[in-house]
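Undergrad: Below is the file target.pdb, with PDB, C-alpha atoms.
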```
ATOM      1  CA  MET A 298     -11.888   7.041 -17.459
ATOM      2  CA  VAL A 299     -13.424   9.109 -14.679
ATOM      3  CA  ASP A 300     -13.032  12.862 -15.160
ATOM      4  CA  VAL A 301     -10.986  13.984 -12.134
ATOM      5  CA  ASP A 302     -10.591  17.623 -11.111
ATOM      6  CA  LEU A 303      -7.309  17.748  -9.193
ATOM      7  CA  ASN A 304      -8.225  21.097  -7.656
ATOM      8  CA  LEU A 305     -11.283  19.468  -6.107
ATOM      9  CA  MET A 306      -9.121  16.672  -4.716
ATOM     10  CA  LYS A 307      -6.705  19.222  -3.225
ATOM     11  CA  THR A 308      -9.637  20.990  -1.608
ATOM     12  CA  PHE A 309     -10.886  17.730  -0.122
ATOM     13  CA  VAL A 310      -7.461  16.852   1.298
ATOM     14  CA  LEU A 311      -7.021  20.290   2.872
ATOM     15  CA  LEU A 312     -10.537  20.267   4.319
ATOM     16  CA  TYR A 313      -9.752  16.926   5.901
ATOM     17  CA  GLU A 314      -6.431  18.114   7.317
ATOM     18  CA  THR A 315      -7.504  21.565   8.517
ATOM     19  CA  ARG A 316     -11.136  20.766   9.459
ATOM     20  CA  SER A 317     -11.841  24.350   8.378
ATOM     21  CA  ALA A 318     -13.155  25.996   5.208
ATOM     22  CA  THR A 319     -11.458  29.244   6.231
ATOM     23  CA  ARG A 320      -7.992  27.689   6.653
ATOM     24  CA  THR A 321      -8.452  25.693   3.445
ATOM     25  CA  ALA A 322      -9.267  28.891   1.551
ATOM     26  CA  GLU A 323      -6.168  30.565   2.992
ATOM     27  CA  ALA A 324      -3.953  27.629   2.002
ATOM     28  CA  LEU A 325      -5.304  27.623  -1.561
ATOM     29  CA  PHE A 326      -5.341  31.441  -1.870
ATOM     30  CA  ILE A 327      -9.029  31.450  -2.780
ATOM     31  CA  THR A 328     -12.180  32.775  -1.122
ATOM     32  CA  GLN A 329     -14.221  30.844   1.430
ATOM     33  CA  PRO A 330     -17.309  30.824  -0.910
ATOM     34  CA  SER A 331     -15.098  29.105  -3.503
ATOM     35  CA  VAL A 332     -14.259  26.389  -0.962
ATOM     36  CA  SER A 333     -17.950  25.990  -0.126
ATOM     37  CA  HIS A 334     -18.740  25.653  -3.837
ATOM     38  CA  ALA A 335     -15.996  23.031  -4.238
ATOM     39  CA  LEU A 336     -17.370  21.095  -1.268
ATOM     40  CA  ARG A 337     -20.837  21.036  -2.862
ATOM     41  CA  ARG A 338     -19.296  19.620  -6.044
ATOM     42  CA  LEU A 339     -17.399  17.002  -4.034
ATOM     43  CA  ARG A 340     -20.579  15.974  -2.251
ATOM     44  CA  ARG A 341     -22.376  15.507  -5.585
ATOM     45  CA  GLN A 342     -19.463  13.589  -7.079
ATOM     46  CA  PHE A 343     -19.134  11.162  -4.177
ATOM     47  CA  ASN A 344     -22.810  11.143  -3.213
ATOM     48  CA  ASP A 345     -21.919  11.712   0.435
ATOM     49  CA  GLU A 346     -21.930  14.601   2.908
ATOM     50  CA  LEU A 347     -18.134  14.080   3.404
ATOM     51  CA  PHE A 348     -17.919  16.664   6.228
ATOM     52  CA  ALA A 349     -20.369  17.723   8.931
ATOM     53  CA  ARG A 350     -20.107  20.639  11.336
ATOM     54  CA  SER A 351     -18.997  19.760  14.866
ATOM     55  CA  PRO A 352     -17.668  21.614  17.940
ATOM     56  CA  ASP A 353     -14.133  20.819  16.725
ATOM     57  CA  GLY A 354     -14.693  21.988  13.147
ATOM     58  CA  LEU A 355     -15.577  19.921  10.093
ATOM     59  CA  ALA A 356     -15.857  16.269  11.051
ATOM     60  CA  PRO A 357     -15.240  13.777   8.214
ATOM     61  CA  THR A 358     -17.770  11.060   7.470
ATOM     62  CA  GLU A 359     -16.823   7.388   7.275
ATOM     63  CA  ILE A 360     -16.486   7.645   3.490
ATOM     64  CA  ALA A 361     -14.221  10.696   3.819
ATOM     65  CA  GLU A 362     -12.067   8.806   6.322
ATOM     66  CA  ARG A 363     -11.609   6.002   3.798
ATOM     67  CA  MET A 364     -10.947   8.365   0.896
ATOM     68  CA  TYR A 365      -8.366  10.614   2.488
ATOM     69  CA  PRO A 366      -5.260   8.348   2.688
ATOM     70  CA  ARG A 367      -5.411   7.312  -0.964
ATOM     71  CA  LEU A 368      -6.213  10.775  -2.309
ATOM     72  CA  GLN A 369      -3.481  12.349  -0.185
ATOM     73  CA  GLN A 370      -0.933   9.818  -1.466
ATOM     74  CA  ALA A 371      -2.087  10.189  -5.070
ATOM     75  CA  LEU A 372      -1.686  13.971  -4.954
ATOM     76  CA  GLU A 373       1.723  13.597  -3.340
ATOM     77  CA  VAL A 374       2.917  11.308  -6.139
ATOM     78  CA  ILE A 375       1.479  13.582  -8.851
ATOM     79  CA  GLU A 376       3.159  16.648  -7.353
ATOM     80  CA  GLU A 377       6.493  14.811  -7.046
ATOM     81  CA  THR A 378       6.281  13.588 -10.629
ATOM     82  CA  VAL A 379       5.343  16.976 -12.082
ATOM     83  CA  SER A 380       8.121  18.698 -10.137
ATOM     84  CA  GLY A 381      10.650  16.171 -11.421
ATOM     85  CA  ALA A 382      10.953  14.431  -8.076
ATOM     86  CA  GLY A 383       9.432  11.116  -9.105
ATOM     87  CA  ARG A 384      12.603   9.540  -7.818
ATOM     88  CA  PHE A 385      14.206  10.533  -4.535
ATOM     89  CA  ASP A 386      17.742  11.893  -4.708
ATOM     90  CA  PRO A 387      19.074  12.179  -1.135
ATOM     91  CA  ALA A 388      22.051  14.237  -2.282
ATOM     92  CA  THR A 389      19.849  17.098  -3.529
ATOM     93  CA  SER A 390      16.493  16.673  -1.751
ATOM     94  CA  GLN A 391      15.362  19.319   0.740
ATOM     95  CA  ARG A 392      12.550  17.220   2.171
ATOM     96  CA  THR A 393      11.566  17.324   5.839
ATOM     97  CA  PHE A 394      10.918  13.858   7.239
ATOM     98  CA  ARG A 395       8.502  13.483  10.156
ATOM     99  CA  ILE A 396       9.296  10.756  12.683
ATOM    100  CA  CYS A 397       7.197   9.850  15.734
ATOM    101  CA  ALA A 398       9.268   8.748  18.730
ATOM    102  CA  THR A 399       9.371   8.988  22.498
ATOM    103  CA  ASP A 400      11.859  11.156  24.315
ATOM    104  CA  LEU A 401      13.889   7.951  24.807
ATOM    105  CA  GLY A 402      14.073   7.596  21.054
ATOM    106  CA  GLU A 403      15.201  11.201  20.762
ATOM    107  CA  ILE A 404      18.179  10.736  23.067
ATOM    108  CA  SER A 405      19.200   7.158  22.229
ATOM    109  CA  LEU A 406      18.229   6.629  18.554
ATOM    110  CA  LEU A 407      17.914  10.028  16.875
ATOM    111  CA  PRO A 408      21.649  10.929  17.107
ATOM    112  CA  ALA A 409      22.607   7.950  14.909
ATOM    113  CA  ILE A 410      19.788   8.695  12.443
ATOM    114  CA  LEU A 411      20.728  12.376  12.157
ATOM    115  CA  ALA A 412      24.423  11.586  11.741
ATOM    116  CA  ARG A 413      23.671   9.299   8.820
ATOM    117  CA  LEU A 414      21.154  11.733   7.351
ATOM    118  CA  GLU A 415      23.754  14.488   7.471
ATOM    119  CA  ARG A 416      26.160  12.322   5.467
ATOM    120  CA  GLU A 417      23.725  10.948   2.896
ATOM    121  CA  ALA A 418      21.047  13.660   2.597
ATOM    122  CA  PRO A 419      22.764  16.875   3.730
ATOM    123  CA  ASN A 420      19.889  19.189   2.773
ATOM    124  CA  CYS A 421      17.074  17.153   4.322
ATOM    125  CA  ALA A 422      15.633  17.836   7.756
ATOM    126  CA  VAL A 423      13.851  15.853  10.460
ATOM    127  CA  GLU A 424      10.869  16.877  12.550
ATOM    128  CA  VAL A 425      10.316  14.664  15.588
ATOM    129  CA  LEU A 426       6.695  14.365  16.668
ATOM    130  CA  PRO A 427       5.679  13.231  20.183
ATOM    131  CA  LEU A 428       4.627   9.585  20.244
ATOM    132  CA  ASP A 429       0.975   8.981  21.090
ATOM    133  CA  MET A 430       0.281   5.281  20.598
ATOM    134  CA  ALA A 431      -3.450   5.840  20.148
ATOM    135  CA  ALA A 432      -2.795   8.148  17.193
ATOM    136  CA  VAL A 433       0.060   6.284  15.481
ATOM    137  CA  PRO A 434      -1.927   4.410  12.800
ATOM    138  CA  ARG A 435      -3.923   7.520  11.919
ATOM    139  CA  HIS A 436      -0.833   9.703  11.640
ATOM    140  CA  LEU A 437       0.838   7.229   9.284
ATOM    141  CA  ARG A 438      -2.270   6.788   7.139
ATOM    142  CA  GLN A 439      -2.871  10.511   6.892
ATOM    143  CA  GLY A 440       0.723  11.311   6.013
ATOM    144  CA  ARG A 441       1.278  13.298   9.193
ATOM    145  CA  ALA A 442       4.214  11.011   9.996
ATOM    146  CA  ASP A 443       6.606   9.244   7.621
ATOM    147  CA  ALA A 444       7.841   6.756  10.214
ATOM    148  CA  VAL A 445       7.160   5.669  13.790
ATOM    149  CA  ILE A 446       9.644   4.022  16.171
ATOM    150  CA  CYS A 447       8.104   2.333  19.219
ATOM    151  CA  THR A 448       7.967  -0.819  21.334
ATOM    152  CA  PRO A 449       4.227  -1.684  21.440
ATOM    153  CA  ARG A 450       3.327  -3.952  18.534
ATOM    154  CA  ILE A 451       0.832  -2.536  16.040
ATOM    155  CA  ASP A 452      -0.926  -5.213  14.001
ATOM    156  CA  ALA A 453      -2.508  -3.504  11.003
ATOM    157  CA  PRO A 454      -2.388  -4.896   7.455
ATOM    158  CA  ASP A 455      -1.707  -1.470   5.920
ATOM    159  CA  LEU A 456       1.321  -0.753   8.144
ATOM    160  CA  GLN A 457       4.797  -2.080   7.369
ATOM    161  CA  ARG A 458       6.614  -3.325  10.471
ATOM    162  CA  ASP A 459      10.397  -3.750  10.628
ATOM    163  CA  ALA A 460      11.852  -5.193  13.833
ATOM    164  CA  LEU A 461      14.966  -3.220  14.796
ATOM    165  CA  PHE A 462      16.286  -4.635  18.070
ATOM    166  CA  GLN A 463      15.289  -6.059  21.430
ATOM    167  CA  GLU A 464      15.855  -4.637  24.867
ATOM    168  CA  ARG A 465      15.195  -5.457  28.512
ATOM    169  CA  TYR A 466      14.055  -3.389  31.479
ATOM    170  CA  PHE A 467      16.087  -2.399  34.514
ATOM    171  CA  GLY A 468      15.097  -0.755  37.751
ATOM    172  CA  LEU A 469      16.469   2.738  38.354
ATOM    173  CA  ARG A 470      17.217   4.287  41.768
ATOM    174  CA  ALA A 471      19.323   6.951  43.419
ATOM    175  CA  ARG A 472      22.924   5.793  43.618
ATOM    176  CA  ALA A 473      22.890   6.371  47.375
ATOM    177  CA  HIS A 474      19.464   4.822  47.996
ATOM    178  CA  PRO A 475      19.387   3.731  51.654
ATOM    179  CA  ARG A 476      17.349   0.545  51.184
ATOM    180  CA  ILE A 477      17.488  -0.720  47.592
ATOM    181  CA  GLY A 478      20.630  -2.453  46.373
ATOM    182  CA  ASP A 479      21.522  -4.282  43.159
ATOM    183  CA  ARG A 480      19.078  -7.170  43.702
ATOM    184  CA  PRO A 481      16.101  -6.200  45.880
ATOM    185  CA  THR A 482      13.448  -8.729  46.787
ATOM    186  CA  LEU A 483       9.928  -8.294  45.489
ATOM    187  CA  ALA A 484       8.787  -7.259  48.983
ATOM    188  CA  GLU A 485      11.531  -4.627  49.194
ATOM    189  CA  TYR A 486      10.661  -3.351  45.720
ATOM    190  CA  LEU A 487       6.936  -3.090  46.417
ATOM    191  CA  GLY A 488       7.660  -1.435  49.763
ATOM    192  CA  GLU A 489       9.017   1.646  47.968
ATOM    193  CA  ARG A 490       7.168   4.396  46.101
ATOM    194  CA  HIS A 491       7.618   4.784  42.358
ATOM    195  CA  ILE A 492       7.680   7.282  39.508
ATOM    196  CA  VAL A 493       5.858   6.076  36.384
ATOM    197  CA  VAL A 494       5.793   7.443  32.854
ATOM    198  CA  ASP A 495       2.592   8.199  30.950
ATOM    199  CA  PRO A 496       1.263   5.099  29.112
ATOM    200  CA  ALA A 497       1.060   7.124  25.861
ATOM    201  CA  ALA A 498       4.823   6.592  25.571
ATOM    202  CA  GLY A 499       4.154   2.882  25.122
ATOM    203  CA  HIS A 500       6.269   1.524  28.007
ATOM    204  CA  VAL A 501       3.731  -0.201  30.250
ATOM    205  CA  ASP A 502       5.411  -3.620  30.501
ATOM    206  CA  ALA A 503       6.447  -3.383  34.175
ATOM    207  CA  ASP A 504       2.956  -2.561  35.408
ATOM    208  CA  MET A 505       1.360  -5.133  33.092
ATOM    209  CA  GLU A 506       3.558  -7.868  34.516
ATOM    210  CA  LEU A 507       2.958  -6.788  38.115
ATOM    211  CA  THR A 508      -0.790  -6.721  37.475
ATOM    212  CA  ARG A 509      -0.575 -10.233  36.043
ATOM    213  CA  LEU A 510       1.173 -11.332  39.236
ATOM    214  CA  GLY A 511      -1.461  -9.638  41.377
ATOM    215  CA  TYR A 512       0.648  -6.695  42.575
ATOM    216  CA  ARG A 513       0.792  -2.974  41.951
ATOM    217  CA  ARG A 514       3.325  -0.234  42.573
ATOM    218  CA  GLU A 515       2.564   2.660  44.887
ATOM    219  CA  VAL A 516       2.885   5.675  42.614
ATOM    220  CA  ALA A 517       4.471   8.838  44.000
ATOM    221  CA  ALA A 518       4.526  10.738  40.688
ATOM    222  CA  ARG A 519       3.432  10.398  37.069
ATOM    223  CA  VAL A 520       5.467  12.183  34.413
ATOM    224  CA  PRO A 521       5.017  12.507  30.644
ATOM    225  CA  HIS A 522       8.660  11.825  29.714
ATOM    226  CA  PHE A 523      11.465   9.434  30.645
ATOM    227  CA  THR A 524      14.157  12.085  30.405
ATOM    228  CA  THR A 525      13.062  13.690  33.676
ATOM    229  CA  LEU A 526      13.560  10.458  35.634
ATOM    230  CA  PRO A 527      17.315  10.630  36.397
ATOM    231  CA  GLU A 528      17.194  13.932  38.264
ATOM    232  CA  LEU A 529      13.890  13.110  39.950
ATOM    233  CA  LEU A 530      15.249   9.797  41.231
ATOM    234  CA  ALA A 531      18.652  11.218  42.176
ATOM    235  CA  ARG A 532      16.958  13.676  44.558
ATOM    236  CA  THR A 533      14.448  11.226  46.079
ATOM    237  CA  HIS A 534      14.183   7.662  47.312
ATOM    238  CA  TYR A 535      11.648   6.713  44.634
ATOM    239  CA  LEU A 536      12.159   3.935  42.071
ATOM    240  CA  SER A 537      11.373   3.545  38.391
ATOM    241  CA  ALA A 538      11.904   1.133  35.479
ATOM    242  CA  VAL A 539      13.621   2.010  32.195
ATOM    243  CA  PRO A 540      14.581   0.191  28.976
ATOM    244  CA  SER A 541      18.171  -1.027  28.733
ATOM    245  CA  GLY A 542      18.843   1.237  25.741
ATOM    246  CA  VAL A 543      18.931   4.365  27.912
ATOM    247  CA  ALA A 544      19.926   2.895  31.278
ATOM    248  CA  GLY A 545      23.629   3.530  30.594
ATOM    249  CA  LEU A 546      22.966   7.092  29.442
ATOM    250  CA  PHE A 547      21.081   7.847  32.642
ATOM    251  CA  THR A 548      23.667   6.338  34.995
ATOM    252  CA  ARG A 549      26.466   8.285  33.289
ATOM    253  CA  SER A 550      24.669  11.621  33.391
ATOM    254  CA  SER A 551      23.107  11.563  36.895
ATOM    255  CA  GLU A 552      23.606  10.171  40.378
ATOM    256  CA  VAL A 553      21.462   7.106  39.675
ATOM    257  CA  ALA A 554      22.141   3.392  39.391
ATOM    258  CA  THR A 555      20.358   0.425  37.855
ATOM    259  CA  PHE A 556      19.198  -2.667  39.693
ATOM    260  CA  ARG A 557      17.774  -6.000  38.660
ATOM    261  CA  LEU A 558      13.985  -6.060  38.853
ATOM    262  CA  PRO A 559      12.684  -8.762  41.222
ATOM    263  CA  PHE A 560      10.250 -10.087  38.590
ATOM    264  CA  GLU A 561      10.614 -11.082  34.965
ATOM    265  CA  ILE A 562       9.544  -8.699  32.211
ATOM    266  CA  PRO A 563       9.554 -10.242  28.724
ATOM    267  CA  THR A 564      12.096  -8.731  26.346
ATOM    268  CA  VAL A 565      10.509  -5.974  24.251
ATOM    269  CA  GLU A 566      11.119  -5.361  20.567
ATOM    270  CA  VAL A 567      11.671  -1.892  19.177
ATOM    271  CA  SER A 568      10.146  -1.650  15.710
ATOM    272  CA  LEU A 569       9.874   0.766  12.819
ATOM    273  CA  TYR A 570       6.448   1.364  11.265
ATOM    274  CA  THR A 571       5.715   2.929   7.888
ATOM    275  CA  TYR A 572       2.572   3.048   5.780
ATOM    276  CA  ARG A 573       2.109   0.505   2.975
ATOM    277  CA  ARG A 574       1.297   2.902   0.153
ATOM    278  CA  ALA A 575      -0.755   1.935  -2.872
ATOM    279  CA  LEU A 576       1.549   4.125  -4.981
ATOM    280  CA  PRO A 577       5.350   4.380  -4.862
ATOM    281  CA  ALA A 578       6.875   6.692  -2.253
ATOM    282  CA  PRO A 579      10.626   6.847  -3.014
ATOM    283  CA  GLY A 580      11.439   9.300  -0.223
ATOM    284  CA  THR A 581       9.658   7.332   2.489
ATOM    285  CA  ASP A 582      11.137   4.064   1.218
ATOM    286  CA  TRP A 583      14.610   5.612   1.374
ATOM    287  CA  LEU A 584      14.034   6.818   4.947
ATOM    288  CA  ARG A 585      12.808   3.369   5.954
ATOM    289  CA  GLU A 586      15.985   1.758   4.647
ATOM    290  CA  LEU A 587      18.169   4.382   6.308
ATOM    291  CA  ILE A 588      16.557   3.799   9.716
ATOM    292  CA  ARG A 589      16.644   0.016   9.308
ATOM    293  CA  ASN A 590      20.318  -0.003   8.349
ATOM    294  CA  THR A 591      21.223   2.458  11.102
ATOM    295  CA  LEU A 592      19.366   0.950  14.053
ATOM    296  CA  ARG A 593      18.919  -2.746  13.351
ATOM    297  CA  ARG A 594      21.142  -4.885  15.551
ATOM    298  CA  GLU A 595      21.384  -8.388  16.944
ATOM    299  CA  PRO A 596      19.315  -9.308  20.038
ATOM    300  CA  GLU A 597      20.960  -8.620  23.389
ATOM    301  CA  PRO A 598      22.364 -11.726  25.125
ATOM    302  CA  SER A 599      20.261 -12.918  28.051
ATOM    303  CA  THR A 600      21.745 -12.785  31.550
TER     304      THR A 600
END
```
Starting from the file, give its structure as structure tokens.

TA:
Amino acid sequence: MVDVDLNLMKTFVLLYETRSATRTAEALFITQPSVSHALRRLRRQFNDELFARSPDGLAPTEIAERMYPRLQQALEVIEETVSGAGRFDPATSQRTFRICATDLGEISLLPAILARLEREAPNCAVEVLPLDMAAVPRHLRQGRADAVICTPRIDAPDLQRDALFQERYFGLRARAHPRIGDRPTLAEYLGERHIVVDPAAGHVDADMELTRLGYRREVAARVPHFTTLPELLARTHYLSAVPSGVAGLFTRSSEVATFRLPFEIPTVEVSLYTYRRALPAPGTDWLRELIRNTLRREPEPST
């Protein structure tokens, strides 16, 4: 059996996460020279540089990138087992779960998740992290997120995907828009200016379909979040497109109305992603089941 120094492994994990010997030393309550000494031992043990200096701090090597997820998970399981938390007890746990979601997820999905969490795990907490599709796989692998809820499909063998439900897109306009009614033509639609949401949120289906058809919207404004759309549209004559899951919320809260888009957008599937761990993760598995049971529903009927 290989002789493993757990303190060295903790140092490696913190160096990877903080990208700083100083912050690692602070987290471990040791001196910076002690961290430097530990890093030299790690380099000898793994026969690799592991970290190199860069403008953004310590940059991990390819080998360090591969090592981190497994070591981080292994330490997590060891700490849970030693502390008597090898199994997850929702009734007594005080764990904070980290979920990546868009602002749409926060207003349309999080209330149901929190309500169930309050009933079944009254001492647990949730931290919602902004969804950045480019960073999703990395955040799951590194343990920075326990779960991700999004519409773009992520095909990665080490990520568990659970389909939750399907939804369609509707156009959104001011209720008193002078030109756009319930069923505008494509020419009428393209003749207006539009507000679009940052692609990092994962909702790019309308523009993808228009591009495929050889058209493009004239953009009046780009915003980072969907939740600003209702008031922006209510005060202007601009248009936008939103998923059906929040369309009703928006029309009830602001002077906006939905309309049928004059082109077909394929139905999108909202999915839950978690990391396929090499070692058991009772808490994450419990959260996955809670979200699945709370949000999974039958597909919407087509119209």

Undergrad: In terms of the shortest atom-to-atom distance over all atoms listed in the file, which of A:Pro427, A:His334, A:Pro481, A:Pro579 is closest to His522 (chain A)?

TA: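 For His522 (chain A), the nearest of the candidates is A:Pro427.
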
Undergrad: Residues at most 12 Å from Ala484 (chain A), counting all atoms listed in the file, excluding those fewer than 2 positions away in the same chain, as a list in words?

TA: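 In the requested form, the answer reads Arg476, Ile477, Arg480, Pro481, Thr482, Tyr486, Leu487, Gly488, Glu489, Tyr512, Arg513, Arg514, Leu558, Pro559 and Phe560 of chain A.
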
Undergrad: Determine the nearest neighbour of Leu529 (chain A) from the options A:Val565, A:Val445, A:Ile492, A:Ala498, counting only C-alpha atoms.

TA: A:Ile492

Undergrad: So what does the PyMOL selection byres ((chain A and resi 535) around 9) actually pick up in this one, as a list of chain:residue names?

TA: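 Evaluating the PyMOL selection byres ((chain A and resi 535) around 9) on these coordinates yields A:Leu469, A:Arg470, A:Ala471, A:His474, A:Glu489, A:Arg490, A:His491, A:Ile492, A:Ala517, A:Leu529, A:Leu530, A:Ala531, A:Arg532, A:Thr533, A:His534, A:Leu536, A:Ser537.
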
Undergrad: Using all atoms listed in the file, which protein or nucleic acid residues come within 10 Å of region 323-331 of chain A? Drop anything in the same chain fewer than 4 positions from it, and give the result as a PyMOL selection string.

TA: chain A and resi 304+307-308+311+315+317-319+335-337

Undergrad: Restrict the selected residues to C-alpha atoms and save them as a tab-separated table (two decimals), in the frame of the given file.

TA:
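The file below, again-v5.tsv, is the result:
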```tsv
chain	number	residue	atom	x	y	z
A	304	ASN	CA	-8.22	21.10	-7.66
A	307	LYS	CA	-6.70	19.22	-3.22
A	308	THR	CA	-9.64	20.99	-1.61
A	311	LEU	CA	-7.02	20.29	2.87
A	315	THR	CA	-7.50	21.56	8.52
A	317	SER	CA	-11.84	24.35	8.38
A	318	ALA	CA	-13.16	26.00	5.21
A	319	THR	CA	-11.46	29.24	6.23
A	335	ALA	CA	-16.00	23.03	-4.24
A	336	LEU	CA	-17.37	21.10	-1.27
A	337	ARG	CA	-20.84	21.04	-2.86
```

Undergrad: Using the chain letters and numbers from the file, give me the residues hit by the PyMOL selection byres ((chain A and resi 383-395) around 12), as a PyMOL selection string.

TA: chain A and resi 373-382+396-398+410-411+413-428+436-437+440-446+571+576-585+587-588

Undergrad: With C-alpha atoms retained, export the selected residues as a PDB file, keeping the file's coordinate frame.

TA:
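What landed in result_36.pdb:
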```
ATOM      1  CA  GLU A 373       1.723  13.597  -3.340  1.00  0.00           C
ATOM      2  CA  VAL A 374       2.917  11.308  -6.139  1.00  0.00           C
ATOM      3  CA  ILE A 375       1.479  13.582  -8.851  1.00  0.00           C
ATOM      4  CA  GLU A 376       3.159  16.648  -7.353  1.00  0.00           C
ATOM      5  CA  GLU A 377       6.493  14.811  -7.046  1.00  0.00           C
ATOM      6  CA  THR A 378       6.281  13.588 -10.629  1.00  0.00           C
ATOM      7  CA  VAL A 379       5.343  16.976 -12.082  1.00  0.00           C
ATOM      8  CA  SER A 380       8.121  18.698 -10.137  1.00  0.00           C
ATOM      9  CA  GLY A 381      10.650  16.171 -11.421  1.00  0.00           C
ATOM     10  CA  ALA A 382      10.953  14.431  -8.076  1.00  0.00           C
ATOM     11  CA  ILE A 396       9.296  10.756  12.683  1.00  0.00           C
ATOM     12  CA  CYS A 397       7.197   9.850  15.734  1.00  0.00           C
ATOM     13  CA  ALA A 398       9.268   8.748  18.730  1.00  0.00           C
ATOM     14  CA  ILE A 410      19.788   8.695  12.443  1.00  0.00           C
ATOM     15  CA  LEU A 411      20.728  12.376  12.157  1.00  0.00           C
ATOM     16  CA  ARG A 413      23.671   9.299   8.820  1.00  0.00           C
ATOM     17  CA  LEU A 414      21.154  11.733   7.351  1.00  0.00           C
ATOM     18  CA  GLU A 415      23.754  14.488   7.471  1.00  0.00           C
ATOM     19  CA  ARG A 416      26.160  12.322   5.467  1.00  0.00           C
ATOM     20  CA  GLU A 417      23.725  10.948   2.896  1.00  0.00           C
ATOM     21  CA  ALA A 418      21.047  13.660   2.597  1.00  0.00           C
ATOM     22  CA  PRO A 419      22.764  16.875   3.730  1.00  0.00           C
ATOM     23  CA  ASN A 420      19.889  19.189   2.773  1.00  0.00           C
ATOM     24  CA  CYS A 421      17.074  17.153   4.322  1.00  0.00           C
ATOM     25  CA  ALA A 422      15.633  17.836   7.756  1.00  0.00           C
ATOM     26  CA  VAL A 423      13.851  15.853  10.460  1.00  0.00           C
ATOM     27  CA  GLU A 424      10.869  16.877  12.550  1.00  0.00           C
ATOM     28  CA  VAL A 425      10.316  14.664  15.588  1.00  0.00           C
ATOM     29  CA  LEU A 426       6.695  14.365  16.668  1.00  0.00           C
ATOM     30  CA  PRO A 427       5.679  13.231  20.183  1.00  0.00           C
ATOM     31  CA  LEU A 428       4.627   9.585  20.244  1.00  0.00           C
ATOM     32  CA  HIS A 436      -0.833   9.703  11.640  1.00  0.00           C
ATOM     33  CA  LEU A 437       0.838   7.229   9.284  1.00  0.00           C
ATOM     34  CA  GLY A 440       0.723  11.311   6.013  1.00  0.00           C
ATOM     35  CA  ARG A 441       1.278  13.298   9.193  1.00  0.00           C
ATOM     36  CA  ALA A 442       4.214  11.011   9.996  1.00  0.00           C
ATOM     37  CA  ASP A 443       6.606   9.244   7.621  1.00  0.00           C
ATOM     38  CA  ALA A 444       7.841   6.756  10.214  1.00  0.00           C
ATOM     39  CA  VAL A 445       7.160   5.669  13.790  1.00  0.00           C
ATOM     40  CA  ILE A 446       9.644   4.022  16.171  1.00  0.00           C
ATOM     41  CA  THR A 571       5.715   2.929   7.888  1.00  0.00           C
ATOM     42  CA  LEU A 576       1.549   4.125  -4.981  1.00  0.00           C
ATOM     43  CA  PRO A 577       5.350   4.380  -4.862  1.00  0.00           C
ATOM     44  CA  ALA A 578       6.875   6.692  -2.253  1.00  0.00           C
ATOM     45  CA  PRO A 579      10.626   6.847  -3.014  1.00  0.00           C
ATOM     46  CA  GLY A 580      11.439   9.300  -0.223  1.00  0.00           C
ATOM     47  CA  THR A 581       9.658   7.332   2.489  1.00  0.00           C
ATOM     48  CA  ASP A 582      11.137   4.064   1.218  1.00  0.00           C
ATOM     49  CA  TRP A 583      14.610   5.612   1.374  1.00  0.00           C
ATOM     50  CA  LEU A 584      14.034   6.818   4.947  1.00  0.00           C
ATOM     51  CA  ARG A 585      12.808   3.369   5.954  1.00  0.00           C
ATOM     52  CA  LEU A 587      18.169   4.382   6.308  1.00  0.00           C
ATOM     53  CA  ILE A 588      16.557   3.799   9.716  1.00  0.00           C
TER      54      ILE A 588
END
```

Undergrad: Do you have the CA of Ser333 (chain A)-CA of Ala432 (chain A) distance handy?

TA: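 Here the two named atoms are 29.1 Å from each other.
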
Undergrad: Rounded to one decimal in Å, what is the spacing between CA of Arg593 (chain A) and CA of Pro366 (chain A)?

TA: 28.7 Å

Undergrad: For CA of Thr564 (chain A) and CA of Ala538 (chain A), quote the distance in Å rounded to one decimal.

TA: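 According to the coordinates, CA of Thr564 (chain A) and CA of Ala538 (chain A) are separated by 13.4 Å.
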
Undergrad: Looking at all atoms listed in the file, which of A:Pro527, A:Glu485, A:Gly478, A:Ala503 is the one that sits closest to Phe556 (chain A)?

TA: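 Nearest to Phe556 (chain A): A:Gly478.
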
Undergrad: Could you tell me which residues the PyMOL selection byres ((chain A and resi 451-456) around 6) grabs in this file, written as a ChimeraX atom specification?

TA: /A:450,457,571-573

Undergrad: Find the spatial neighbours of Tyr466 (chain A), counting only C-alpha atoms, within a cut-off of 6 Å - ignore same-chain residues fewer than 2 positions away - and output them as JSON, numbers by chain.

TA: {"A": [539, 540, 541]}

Undergrad: Which is closer to Ala473 (chain A) than all the others in A:Ile360, A:Val553, A:Val310, A:Val332, using all atoms listed in the file?

TA: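 Closest to Ala473 (chain A) of all the choices is A:Val553.
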
Undergrad: Within 8 Å of Cys447 (chain A), counting all atoms listed in the file, which residues qualify if same-chain residues fewer than 3 places away don't, as a list in words?

TA: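 What passes the distance filter is Ala398, Thr399, Arg450, Gly499, Val567, Ser568 and Leu569 of chain A.
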
Undergrad: Between A:Glu506, A:Glu552, A:Asp429, A:Asp459, single out the one closest to Arg589 (chain A), counting all atoms listed in the file.

TA: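 The shortest atom-to-atom distance to Arg589 (chain A) comes from A:Asp459.
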
Undergrad: Given all atoms listed in the file as the basis, pick out the residue of A:Glu359, A:Glu586, A:Glu403, A:Asp504 nearest to Thr524 (chain A).

TA: A:Glu403

Undergrad: What are the centre and the three edge lengths of an axis-aligned box that wraps all atoms of region 449-465 of chain A in the file, given that 3 Å is added to every side, written as lines of an AutoDock Vina configuration file and rounded to one decimal in Å?

TA:
```
center_x = 6.9
center_y = -3.4
center_z = 17.2
size_x = 24.8
size_y = 11.3
size_z = 28.6
```
